[in-house]
$ cat final13.cif   # mmCIF, C-alpha atoms
data_work
loop_
_atom_site.label_atom_id
_atom_site.label_comp_id
_atom_site.auth_asym_id
_atom_site.auth_seq_id
_atom_site.Cartn_x
_atom_site.Cartn_y
_atom_site.Cartn_z
CA MET A 1 15.05 -6.72 -30.13
CA THR A 2 13.15 -4.10 -28.09
CA VAL A 3 15.33 -1.58 -26.27
CA SER A 4 14.14 -0.86 -22.72
CA LEU A 5 13.49 2.73 -21.68
CA LEU A 6 14.86 1.79 -18.25
CA ASP A 7 18.55 1.54 -17.42
CA ILE A 8 18.77 -2.23 -17.07
CA ARG A 9 22.28 -1.96 -15.67
CA VAL A 10 20.69 -0.78 -12.42
CA PRO A 11 18.90 -3.52 -10.43
CA ALA A 12 15.89 -2.99 -8.19
CA VAL A 13 15.51 -4.26 -4.64
CA LEU A 14 11.97 -4.61 -3.26
CA LEU A 15 11.71 -4.56 0.53
CA ARG A 16 8.69 -5.91 2.40
CA ILE A 17 8.83 -6.56 6.14
CA ASP A 18 5.16 -7.47 6.49
CA ARG A 19 4.54 -11.23 6.33
CA ASN A 20 1.39 -11.16 4.16
CA PRO A 21 1.84 -14.00 1.63
CA PHE A 22 -0.94 -12.61 -0.60
CA HIS A 23 0.58 -9.17 -1.16
CA HIS A 24 -0.14 -8.82 -4.87
CA GLY A 25 1.49 -5.37 -5.00
CA THR A 26 4.90 -7.00 -4.62
CA LEU A 27 4.17 -9.26 -7.58
CA GLY A 28 3.04 -6.23 -9.59
CA ALA A 29 6.37 -4.47 -8.96
CA VAL A 30 8.35 -7.62 -9.81
CA ARG A 31 6.53 -7.94 -13.13
CA SER A 32 6.61 -4.25 -14.01
CA LEU A 33 10.38 -3.97 -13.66
CA GLY A 34 11.20 -7.49 -14.79
CA ARG A 35 9.31 -7.07 -18.06
CA ALA A 36 11.41 -3.97 -18.74
CA GLY A 37 14.60 -6.03 -18.37
CA VAL A 38 15.54 -4.86 -14.85
CA GLU A 39 17.13 -7.40 -12.51
CA VAL A 40 14.69 -7.64 -9.58
CA HIS A 41 15.65 -8.76 -6.08
CA VAL A 42 13.00 -9.33 -3.41
CA VAL A 43 13.73 -8.95 0.29
CA ALA A 44 10.61 -10.55 1.78
CA ASP A 45 9.27 -13.74 3.30
CA CYS A 46 8.07 -15.42 0.09
CA ALA A 47 8.32 -19.06 1.22
CA GLY A 48 4.53 -19.35 1.23
CA SER A 49 3.80 -16.71 -1.38
CA PRO A 50 2.97 -16.92 -5.11
CA VAL A 51 5.53 -14.15 -5.66
CA LEU A 52 8.27 -16.76 -5.30
CA ARG A 53 6.98 -18.46 -8.48
CA SER A 54 7.39 -15.44 -10.74
CA CYS A 55 9.82 -15.88 -13.61
CA PHE A 56 10.87 -12.24 -13.15
CA VAL A 57 12.40 -12.72 -9.66
CA ARG A 58 16.18 -12.79 -10.05
CA GLY A 59 17.09 -12.93 -6.37
CA LEU A 60 15.25 -13.72 -3.14
CA HIS A 61 16.68 -12.60 0.20
CA ALA A 62 15.57 -13.21 3.79
CA PRO A 63 13.87 -10.12 5.26
CA PRO A 64 14.44 -8.60 8.69
CA PRO A 65 12.07 -10.12 11.27
CA PRO A 66 8.91 -8.15 12.15
CA GLY A 67 9.65 -5.62 14.86
CA SER A 68 13.31 -5.33 13.88
CA SER A 69 15.21 -2.23 14.94
CA PRO A 70 16.50 0.20 12.29
CA ALA A 71 20.00 -1.14 12.91
CA GLU A 72 18.87 -4.71 12.18
CA ILE A 73 17.08 -3.62 8.99
CA ALA A 74 20.19 -1.72 7.88
CA ARG A 75 22.34 -4.83 8.39
CA VAL A 76 20.01 -6.90 6.19
CA LEU A 77 19.97 -4.27 3.43
CA ARG A 78 23.75 -3.86 3.50
CA ARG A 79 24.12 -7.64 3.18
CA VAL A 80 21.76 -7.62 0.19
CA ALA A 81 23.69 -4.71 -1.37
CA THR A 82 26.90 -6.74 -1.08
CA ARG A 83 25.29 -9.66 -2.93
CA VAL A 84 23.81 -7.44 -5.64
CA ALA A 85 27.28 -5.87 -5.98
CA ARG A 86 26.22 -2.54 -7.50
CA PRO A 87 23.97 0.38 -6.53
CA ALA A 88 20.29 -0.53 -6.85
CA VAL A 89 16.97 1.29 -6.69
CA LEU A 90 15.39 0.43 -3.32
CA ILE A 91 11.58 0.31 -3.22
CA PRO A 92 9.54 -0.16 -0.02
CA MET A 93 6.43 -2.29 -0.47
CA ASP A 94 4.83 -1.73 2.94
CA ASP A 95 4.65 1.02 5.54
CA ALA A 96 7.20 -0.57 7.88
CA SER A 97 9.74 -0.64 5.04
CA ALA A 98 8.99 2.96 4.01
CA VAL A 99 9.41 4.19 7.59
CA ALA A 100 12.67 2.27 7.99
CA MET A 101 14.05 3.65 4.72
CA GLY A 102 13.23 7.18 5.86
CA ARG A 103 15.12 6.69 9.10
CA LEU A 104 18.07 5.01 7.39
CA ARG A 105 18.34 7.21 4.30
CA ALA A 106 21.77 8.66 5.10
CA GLU A 107 23.18 5.23 5.91
CA LEU A 108 21.72 3.53 2.82
CA ALA A 109 22.44 6.29 0.27
CA PRO A 110 25.97 5.04 -0.58
CA VAL A 111 24.67 1.66 -1.81
CA TYR A 112 21.07 2.37 -2.89
CA LEU A 113 19.34 4.96 -5.08
CA LEU A 114 16.63 6.74 -3.04
CA PRO A 115 14.33 9.74 -3.53
CA ALA A 116 15.57 12.96 -1.92
CA MET A 117 12.91 13.20 0.77
CA PRO A 118 13.02 14.43 4.38
CA GLY A 119 13.72 11.29 6.41
CA ALA A 120 10.93 11.79 8.95
CA LEU A 121 8.21 12.47 6.39
CA PRO A 122 7.26 8.84 5.54
CA GLU A 123 6.77 8.13 9.24
CA ARG A 124 4.66 11.25 9.76
CA VAL A 125 2.25 10.58 6.90
CA ALA A 126 1.97 6.85 7.66
CA ASP A 127 1.10 7.50 11.32
CA LYS A 128 -2.71 7.88 11.41
CA ALA A 129 -2.69 10.30 14.36
CA GLU A 130 0.03 12.50 12.86
CA LEU A 131 -1.74 12.49 9.50
CA ALA A 132 -4.80 14.01 11.17
CA GLU A 133 -2.62 16.83 12.51
CA LEU A 134 -0.96 17.35 9.12
CA CYS A 135 -4.35 17.61 7.44
CA GLY A 136 -5.37 20.25 9.98
CA SER A 137 -2.26 22.31 9.27
CA LEU A 138 -2.74 21.99 5.49
CA GLY A 139 -6.45 22.77 5.53
CA VAL A 140 -7.26 19.36 4.02
CA ALA A 141 -10.55 17.71 4.95
CA HIS A 142 -10.07 14.74 7.29
CA PRO A 143 -12.53 12.88 9.54
CA GLU A 144 -12.66 14.35 13.05
CA THR A 145 -10.10 12.39 15.06
CA LEU A 146 -9.73 11.88 18.82
CA VAL A 147 -6.82 10.16 20.57
CA PRO A 148 -7.89 9.00 24.07
CA ASP A 149 -5.61 8.60 27.08
CA SER A 150 -7.73 6.08 28.98
CA ALA A 151 -10.52 3.55 28.61
CA ALA A 152 -13.00 6.02 30.09
CA GLU A 153 -11.87 8.68 27.65
CA SER A 154 -12.33 6.17 24.82
CA ALA A 155 -15.97 5.77 25.79
CA ARG A 156 -16.41 9.55 25.89
CA ALA A 157 -14.72 9.90 22.50
CA VAL A 158 -17.14 7.56 20.75
CA SER A 159 -20.05 9.30 22.46
CA ARG A 160 -18.84 12.65 21.16
CA LEU A 161 -18.22 11.40 17.62
CA GLY A 162 -21.45 9.42 17.44
CA LEU A 163 -21.72 5.69 16.86
CA PRO A 164 -20.56 3.93 14.83
CA VAL A 165 -16.99 5.27 14.80
CA VAL A 166 -13.81 4.07 13.11
CA ALA A 167 -11.03 2.86 15.41
CA LYS A 168 -7.45 2.73 14.12
CA TRP A 169 -4.04 1.96 15.53
CA SER A 170 -1.88 4.94 14.68
CA ARG A 171 1.04 2.76 13.51
CA PRO A 172 -0.55 -0.44 12.25
CA TRP A 173 2.75 -1.86 11.05
CA LEU A 174 3.68 -2.38 14.72
CA THR A 175 0.67 -4.62 15.42
CA PRO A 176 2.00 -8.13 16.19
CA ALA A 177 1.09 -10.90 13.78
CA GLY A 178 -1.32 -13.43 15.28
CA SER A 179 -2.68 -10.95 17.82
CA GLY A 180 -6.09 -10.79 16.16
CA LEU A 181 -5.88 -6.99 16.13
CA ARG A 182 -6.96 -5.35 12.90
CA SER A 183 -5.61 -2.02 11.73
CA THR A 184 -9.13 -0.60 11.29
CA VAL A 185 -12.32 -1.57 13.13
CA LEU A 186 -15.84 -0.17 13.04
CA VAL A 187 -16.80 0.36 16.69
CA ARG A 188 -20.49 0.14 17.58
CA SER A 189 -20.50 0.57 21.37
CA ALA A 190 -18.68 2.35 24.20
CA GLN A 191 -17.81 -1.04 25.72
CA GLN A 192 -16.12 -2.13 22.49
CA ALA A 193 -14.11 1.11 22.57
CA ARG A 194 -12.97 0.43 26.14
CA GLU A 195 -11.97 -3.13 25.28
CA LEU A 196 -9.90 -1.95 22.32
CA TYR A 197 -8.10 0.63 24.43
CA ALA A 198 -7.17 -2.11 26.93
CA ARG A 199 -5.08 -3.71 24.16
CA ALA A 200 -3.12 -0.56 23.28
CA GLY A 201 0.03 -1.88 24.94
CA GLU A 202 -0.20 -5.05 22.89
CA ALA A 203 -0.77 -3.11 19.64
CA GLY A 204 2.39 -1.07 20.05
CA SER A 205 0.89 2.31 19.11
CA ARG A 206 -1.84 4.74 20.04
CA LEU A 207 -5.52 4.03 19.52
CA LEU A 208 -7.53 6.73 17.79
CA PHE A 209 -11.18 7.18 16.91
CA GLN A 210 -12.49 8.88 13.80
CA ALA A 211 -15.90 10.08 12.76
CA PHE A 212 -17.45 7.55 10.40
CA LEU A 213 -18.04 8.70 6.84
CA PRO A 214 -20.50 6.21 5.31
CA PRO A 215 -19.35 4.54 2.09
CA GLY A 216 -21.54 4.66 -0.97
CA PRO A 217 -21.55 4.77 -4.74
CA ASP A 218 -18.92 7.14 -6.12
CA ARG A 219 -17.52 7.98 -2.66
CA ASP A 220 -14.32 5.92 -2.34
CA TRP A 221 -11.38 7.17 -4.39
CA PHE A 222 -7.63 6.67 -4.51
CA PHE A 223 -4.72 8.48 -6.10
CA HIS A 224 -1.38 6.97 -7.08
CA GLY A 225 1.55 9.03 -8.26
CA TYR A 226 5.29 9.57 -8.28
CA ALA A 227 6.75 12.90 -7.13
CA ASP A 228 10.01 13.35 -9.02
CA ARG A 229 13.18 15.14 -7.89
CA ASP A 230 11.56 18.50 -8.67
CA GLY A 231 8.36 17.63 -6.84
CA VAL A 232 6.33 17.23 -10.03
CA VAL A 233 3.79 14.41 -9.75
CA ARG A 234 4.23 12.01 -12.66
CA ALA A 235 2.55 8.75 -13.75
CA GLY A 236 -0.36 7.35 -11.77
CA GLY A 237 -3.88 8.72 -11.75
CA THR A 238 -7.22 8.78 -9.93
CA GLY A 239 -9.26 5.65 -9.40
CA ARG A 240 -12.62 4.71 -7.98
CA LYS A 241 -12.81 1.87 -5.49
CA GLN A 242 -15.74 -0.30 -6.55
CA ARG A 243 -15.25 -3.17 -4.12
CA ALA A 244 -13.10 -3.53 -1.01
CA ARG A 245 -12.07 -6.29 1.38
CA PRO A 246 -13.13 -5.96 4.16
CA ARG A 247 -16.20 -4.23 2.78
CA GLY A 248 -16.15 -0.45 3.20
CA ALA A 249 -12.77 -0.24 4.97
CA GLY A 250 -10.22 -2.45 3.27
CA LEU A 251 -7.94 -2.90 0.29
CA THR A 252 -9.21 -2.44 -3.24
CA SER A 253 -10.46 -5.73 -4.67
CA VAL A 254 -12.03 -4.08 -7.73
CA GLY A 255 -11.00 -0.60 -8.91
CA ARG A 256 -11.38 1.45 -12.06
CA TRP A 257 -9.24 4.22 -13.55
CA THR A 258 -11.64 7.17 -13.45
CA ALA A 259 -10.69 10.78 -14.16
CA ASN A 260 -11.35 13.09 -11.20
CA ALA A 261 -9.73 16.52 -11.53
CA GLU A 262 -10.70 17.58 -8.00
CA VAL A 263 -8.99 14.59 -6.38
CA ARG A 264 -5.89 15.00 -8.57
CA VAL A 265 -5.51 18.71 -7.75
CA LEU A 266 -5.96 17.98 -4.04
CA ALA A 267 -3.37 15.18 -4.10
CA GLU A 268 -0.84 17.33 -5.94
CA ARG A 269 -1.35 20.19 -3.47
CA ILE A 270 -0.80 17.89 -0.50
CA THR A 271 2.35 16.46 -2.09
CA ALA A 272 3.77 19.89 -2.92
CA GLU A 273 3.10 21.45 0.49
CA LEU A 274 4.68 18.53 2.31
CA GLY A 275 7.74 18.49 0.03
CA TYR A 276 7.16 14.81 -0.59
CA ARG A 277 9.38 12.87 -3.02
CA GLY A 278 8.80 9.33 -4.23
CA ILE A 279 5.83 7.01 -4.76
CA LEU A 280 2.58 7.75 -2.93
CA ASP A 281 -0.83 6.12 -2.55
CA LEU A 282 -3.65 8.25 -1.11
CA ASP A 283 -7.15 7.14 -0.10
CA PHE A 284 -10.06 9.59 -0.13
CA ARG A 285 -13.73 9.37 0.82
CA ARG A 286 -16.26 11.91 -0.34
CA CYS A 287 -18.63 13.10 2.36
CA GLY A 288 -22.22 12.55 1.26
CA ALA A 289 -23.42 15.62 3.17
CA THR A 290 -20.83 18.21 2.09
CA GLY A 291 -19.36 16.69 -1.08
CA ARG A 292 -15.81 17.33 0.22
CA TYR A 293 -13.09 14.74 -0.29
CA HIS A 294 -11.55 13.64 3.02
CA LEU A 295 -8.03 12.22 3.05
CA LEU A 296 -8.23 8.91 4.94
CA ASP A 297 -4.74 7.46 4.38
CA PHE A 298 -1.37 8.51 3.00
CA ASN A 299 0.76 5.50 2.13
CA PRO A 300 4.42 6.44 1.39
CA ARG A 301 4.97 3.54 -1.03
CA PRO A 302 3.27 1.85 -4.00
CA GLY A 303 -0.35 0.88 -3.47
CA ALA A 304 -1.12 -2.77 -4.13
CA GLN A 305 -3.18 -1.87 -7.23
CA PHE A 306 -0.61 0.53 -8.75
CA ARG A 307 -0.50 -1.42 -12.03
CA LEU A 308 -4.02 -0.18 -12.77
CA PHE A 309 -2.40 3.12 -13.76
CA THR A 310 -0.27 1.89 -16.66
CA ASP A 311 -0.50 4.43 -19.48
CA THR A 312 -0.15 3.96 -23.24
CA ALA A 313 3.66 4.26 -22.94
CA GLY A 314 3.79 1.46 -20.35
CA LEU A 315 4.65 3.90 -17.56
CA ASP A 316 3.55 3.22 -13.98
CA VAL A 317 4.77 4.69 -10.67
CA VAL A 318 7.40 1.98 -10.09
CA ARG A 319 8.93 2.46 -13.53
CA ALA A 320 8.74 6.24 -13.05
CA LEU A 321 10.79 5.92 -9.85
CA HIS A 322 13.45 3.79 -11.54
CA LEU A 323 13.66 6.12 -14.55
CA ASP A 324 13.92 9.25 -12.43
CA LEU A 325 16.53 7.89 -10.00
CA THR A 326 18.69 6.70 -12.93
CA HIS A 327 18.32 10.10 -14.67
CA ARG A 328 16.35 8.74 -17.60
CA PRO A 329 13.52 10.71 -19.25
CA LEU A 330 9.98 9.60 -18.50
CA PRO A 331 8.00 8.75 -21.66
CA GLU A 332 4.90 10.79 -22.42
CA GLY A 333 1.97 8.40 -22.56
CA SER A 334 -1.78 8.97 -22.47
CA PRO A 335 -4.11 7.93 -19.62
CA ARG A 336 -6.33 4.88 -20.07
CA PRO A 337 -9.53 5.74 -18.18
CA GLY A 338 -12.01 2.92 -17.75
CA ARG A 339 -9.25 0.35 -17.23
CA ALA A 340 -10.07 -2.05 -14.37
CA PHE A 341 -8.04 -3.80 -11.67
CA VAL A 342 -9.28 -7.02 -10.06
CA VAL A 343 -7.87 -9.16 -7.26
CA GLU A 344 -9.10 -12.58 -8.34
CA ASN A 345 -9.15 -14.34 -4.95
CA TYR A 346 -11.26 -11.53 -3.46
CA ALA A 347 -13.52 -10.89 -6.47
CA PRO A 348 -13.47 -13.97 -8.73
CA LEU A 349 -16.66 -13.13 -10.59
CA SER A 350 -15.41 -9.63 -11.43
CA ALA A 351 -12.35 -11.22 -13.05
CA LEU A 352 -14.68 -12.94 -15.52
CA CYS A 353 -16.79 -9.91 -16.45
CA PRO A 354 -16.17 -8.12 -19.78
CA ALA A 355 -13.67 -5.23 -19.58
CA PRO A 356 -13.88 -3.19 -22.82
CA ALA A 357 -11.26 -0.65 -21.68
CA GLY A 358 -8.83 -3.32 -20.50
CA ARG A 359 -8.14 -5.03 -17.20
CA GLU A 360 -5.16 -5.79 -14.96
CA LEU A 361 -5.40 -8.93 -12.86
CA ALA A 362 -3.48 -9.06 -9.61
CA TRP A 363 -2.20 -12.63 -9.98
CA HIS A 364 -2.73 -14.01 -13.47
CA ALA A 365 -0.62 -12.96 -16.45
CA PRO A 366 -0.03 -14.69 -19.82
CA ASP A 367 3.75 -14.21 -19.59
CA ASP A 368 4.01 -15.27 -15.92
CA ARG A 369 1.46 -18.02 -15.24
CA ALA A 370 3.00 -19.79 -12.25
CA PRO A 371 2.03 -17.19 -9.58
CA GLY A 372 -1.65 -17.39 -10.59
CA ARG A 373 -1.70 -21.17 -10.29
CA ALA A 374 0.16 -21.03 -6.97
CA MET A 375 -2.23 -18.41 -5.63
CA TRP A 376 -5.30 -20.65 -6.04
CA HIS A 377 -3.52 -23.57 -4.40
CA LEU A 378 -2.41 -21.47 -1.42
CA TRP A 379 -5.72 -19.60 -1.22
CA GLY A 380 -7.62 -22.90 -0.99
CA ARG A 381 -5.47 -23.98 1.95
CA HIS A 382 -5.86 -20.55 3.56
CA ALA A 383 -9.66 -20.63 3.19
CA ALA A 384 -9.83 -24.17 4.60
CA ARG A 385 -7.82 -23.16 7.68
CA ARG A 386 -10.13 -20.20 8.27
CA MET A 387 -13.18 -22.44 8.03
CA VAL A 388 -11.71 -24.85 10.57
CA ARG A 389 -10.95 -22.00 12.98
CA GLY A 390 -14.48 -20.67 12.53
CA PHE A 391 -16.05 -24.05 13.28
CA THR A 392 -13.77 -24.45 16.30
CA ARG A 393 -14.89 -21.10 17.72
CA LEU A 394 -18.54 -22.02 17.18
CA ALA A 395 -18.01 -25.37 18.92
CA ARG A 396 -16.45 -23.67 21.91
#
$ encode --input "final13.cif" --output "structure tokens"
Amino acid sequence: MTVSLLDIRVPAVLLRIDRNPFHHGTLGAVRSLGRAGVEVHVVADCAGSPVLRSCFVRGLHAPPPPGSSPAEIARVLRRVATRVARPAVLIPMDDASAVAMGRLRAELAPVYLLPAMPGALPERVADKAELAELCGSLGVAHPETLVPDSAAESARAVSRLGLPVVAKWSRPWLTPAGSGLRSTVLVRSAQQARELYARAGEAGSRLLFQAFLPPGPDRDWFFHGYADRDGVVRAGGTGRKQRARPRGAGLTSVGRWTANAEVRVLAERITAELGYRGILDLDFRRCGATGRYHLLDFNPRPGAQFRLFTDTAGLDVVRALHLDLTHRPLPEGSPRPGRAFVVENYAPLSALCPAPAGRELAWHAPDDRAPGRAMWHLWGRHAARRMVRGFTRLAR
């Protein structure tokens, strides 16, 4: 019988407030901890999600509704803690959860194990407008960012930055589901900028415009890591985004573990100067003109493709968090550069290509087959609904 490196007496609770049924990062965390023998509880809306089918889910709990107050989220988590009946490692799987955990840290600490991090920090780094200010104070390259106060100022902002520009809602986790608003949009006219600003009240946060850094080969990079109780970044690594959905400005559909010392040093400096503790996922884009790496996003939780960075000792950022918070030593493994990560429903052909250095699939796994089968069934229905909506719009 194999003895787990993790303390399997301590359960893990995964919190996801976002209603995305195809969030493969949640499944990755379930499998990573479940395979190590940890009892995994999921607080998320999984009724229409393949995650529900995983053999590693030990408990499923109703999440707080989108837009819940911190008090409502705290009530849900206290109820879950009562059912679990012993202190558990709490892991946020989306920005809304990470922000809530930061605000509620003092209240949750008696029943959950949490990184010792300043409570306001997750909210500051997740907010796109505040991140721009943080980068300025740290001397970290970041696309020029303007936050308009009116529709007319929005038009002037895009004129100053030069079309096309990137438009973002500063706190995308507040955007209502079903509103049709996307967290990031490439704006190609002043009129489009004015129309977006008119929906700021509906979006729930500020609209900002950023200078557009064109994508290209070898320009899109990400860094995943875990900052331990001493602030030392452990596990994780640097990866190159080869394909994204939506193209050029979305989640990683195909990524590869690629050593990049410059990106790693930059990520570790940012983490140290902020005093960050816990799991982090950073997105960078290299400027084609200057060669500098610009920090585009700082996600204070596991990135959806975190399982790409599983070293020879089986360590990833989620296991590193559990080990550190339960005062267990982290094993010393070696990196596995060249390893690939593929999200099959977004890049099905890439999932079939040879992968000499190894590959991690988002949904399919030999020891947990049901989520992969469920994903294709649900994805077919999802694609059919989108086609019907598209035809309906054309007809109108």
$ atom_distance --input "final13.cif" --atom1 "CA of Ala370 (chain A)" --atom2 "CA of Arg53 (chain A)"
5.6 Å
$ residues_near_point --input "final13.cif" --point "(-14.3, 10.8, 22.7)" --cutoff "7 Å" --atoms "all atoms listed in the file" --output "number ranges by chain"
A: 146, 148, 153-161
$ resolve_selection --input "final13.cif" --expression "the PyMOL selection byres ((chain A and resi 49) around 10)" --output "JSON, numbers by chain"
{"A": [19, 20, 21, 22, 23, 24, 27, 44, 45, 46, 47, 48, 50, 51, 52, 53, 371, 374, 375, 378, 379]}
$ resolve_selection --input "final13.cif" --expression "the PyMOL selection byres ((chain A and resi 263) around 9)" --output "ChimeraX atom specification"
/A:221-223,238,259-262,264-268,284,293
$ write_last_selection --input "final13.cif" --atoms "C-alpha atoms" --output "PDB file, in the coordinates of the input"
ATOM      1  CA  TRP A 221     -11.380   7.170  -4.390  1.00  0.00           C
ATOM      2  CA  PHE A 222      -7.630   6.670  -4.510  1.00  0.00           C
ATOM      3  CA  PHE A 223      -4.720   8.480  -6.100  1.00  0.00           C
ATOM      4  CA  THR A 238      -7.220   8.780  -9.930  1.00  0.00           C
ATOM      5  CA  ALA A 259     -10.690  10.780 -14.160  1.00  0.00           C
ATOM      6  CA  ASN A 260     -11.350  13.090 -11.200  1.00  0.00           C
ATOM      7  CA  ALA A 261      -9.730  16.520 -11.530  1.00  0.00           C
ATOM      8  CA  GLU A 262     -10.700  17.580  -8.000  1.00  0.00           C
ATOM      9  CA  ARG A 264      -5.890  15.000  -8.570  1.00  0.00           C
ATOM     10  CA  VAL A 265      -5.510  18.710  -7.750  1.00  0.00           C
ATOM     11  CA  LEU A 266      -5.960  17.980  -4.040  1.00  0.00           C
ATOM     12  CA  ALA A 267      -3.370  15.180  -4.100  1.00  0.00           C
ATOM     13  CA  GLU A 268      -0.840  17.330  -5.940  1.00  0.00           C
ATOM     14  CA  PHE A 284     -10.060   9.590  -0.130  1.00  0.00           C
ATOM     15  CA  TYR A 293     -13.090  14.740  -0.290  1.00  0.00           C
TER      16      TYR A 293
END
$ closest_residue --input "final13.cif" --among "A:Ile91, A:Val40, A:Leu274, A:Cys55" --to "Gly372 (chain A)" --atoms "all atoms listed in the file"
A:Cys55
$ residues_around --input "final13.cif" --residues "Gly216 (chain A)" --least-positions-apart "4" --cutoff "10 Å" --atoms "all atoms listed in the file" --output "list in words"
Asp220, Gln242, Gly248, Arg285, Arg286, Cys287 and Gly288 of chain A
$ atom_distance --input "final13.cif" --atom1 "CA of Ala198 (chain A)" --atom2 "CA of Asp149 (chain A)"
10.8 Å
$ resolve_selection --input "final13.cif" --expression "the PyMOL selection byres ((chain A and resi 138) around 12)" --output "list in words"
Leu131, Ala132, Glu133, Leu134, Cys135, Gly136, Ser137, Gly139, Val140, Ala141, His142, Leu266, Ala267, Arg269, Ile270, Thr271, Ala272, Glu273, Leu274 and Leu295 of chain A
$ atom_distance --input "final13.cif" --atom1 "CA of Thr326 (chain A)" --atom2 "CA of Glu72 (chain A)"
27.6 Å
$ residues_around --input "final13.cif" --residues "Gly180 (chain A)" --least-positions-apart "2" --cutoff "12 Å" --atoms "all atoms listed in the file" --output "list in words"
Thr175, Pro176, Ala177, Gly178, Arg182, Ser183, Thr184, Val185, Leu196, Arg199, Glu202 and Ala203 of chain A
$ closest_residue --input "final13.cif" --among "A:Asp7, A:Leu108, A:Met101, A:Arg124" --to "Leu330 (chain A)" --atoms "all atoms listed in the file"
A:Asp7
$ closest_residue --input "final13.cif" --among "A:Met93, A:Val99, A:Ala126, A:Leu15" --to "Val76 (chain A)" --atoms "all atoms listed in the file"
A:Leu15
$ closest_residue --input "final13.cif" --among "A:Val254, A:Ala120, A:Ala289, A:Val125" --to "Glu344 (chain A)" --atoms "only C-alpha atoms"
A:Val254
$ residues_around --input "final13.cif" --residues "Gly25 (chain A)" --least-positions-apart "2" --cutoff "7 Å" --atoms "all atoms listed in the file" --output "PyMOL selection string"
chain A and resi 23+27-29+303-305
$ closest_residue --input "final13.cif" --among "A:Pro214, A:Gly225, A:Gly278, A:Pro87" --to "Gly102 (chain A)" --atoms "all atoms listed in the file"
A:Gly278
$ build_atoms --input "final13.cif" --residues "region 58-72 of chain A" --atoms "N, CA and C atoms" --output "compact mmCIF listing (two decimals), in the frame of the given file"
# COMPACT_ATOMS: atom_id res chain seq x y z
N ARG A 58 14.78 -12.38 -9.81
CA ARG A 58 16.18 -12.79 -10.05
C ARG A 58 16.89 -13.18 -8.76
N GLY A 59 16.45 -12.62 -7.64
CA GLY A 59 17.09 -12.93 -6.37
C GLY A 59 16.11 -12.80 -5.23
N LEU A 60 16.13 -13.76 -4.31
CA LEU A 60 15.25 -13.72 -3.14
C LEU A 60 16.12 -13.72 -1.89
N HIS A 61 15.84 -12.78 -0.98
CA HIS A 61 16.68 -12.60 0.20
C HIS A 61 15.81 -12.59 1.46
N ALA A 62 16.32 -13.16 2.53
CA ALA A 62 15.57 -13.21 3.79
C ALA A 62 15.36 -11.80 4.33
N PRO A 63 14.15 -11.47 4.76
CA PRO A 63 13.87 -10.12 5.26
C PRO A 63 14.23 -10.00 6.73
N PRO A 64 14.30 -8.77 7.25
CA PRO A 64 14.44 -8.60 8.69
C PRO A 64 13.17 -9.09 9.38
N PRO A 65 13.27 -9.65 10.57
CA PRO A 65 12.07 -10.12 11.27
C PRO A 65 11.14 -8.95 11.60
N PRO A 66 9.83 -9.20 11.72
CA PRO A 66 8.91 -8.15 12.15
C PRO A 66 9.34 -7.58 13.49
N GLY A 67 9.24 -6.28 13.63
CA GLY A 67 9.65 -5.62 14.86
C GLY A 67 11.14 -5.36 14.95
N SER A 68 11.86 -5.56 13.85
CA SER A 68 13.31 -5.33 13.88
C SER A 68 13.63 -3.85 14.11
N SER A 69 14.74 -3.59 14.73
CA SER A 69 15.21 -2.23 14.94
C SER A 69 15.76 -1.69 13.62
N PRO A 70 15.87 -0.36 13.50
CA PRO A 70 16.50 0.20 12.29
C PRO A 70 17.89 -0.37 12.03
N ALA A 71 18.65 -0.59 13.09
CA ALA A 71 20.00 -1.14 12.91
C ALA A 71 19.96 -2.54 12.30
N GLU A 72 19.00 -3.36 12.73
CA GLU A 72 18.87 -4.71 12.18
C GLU A 72 18.45 -4.67 10.71
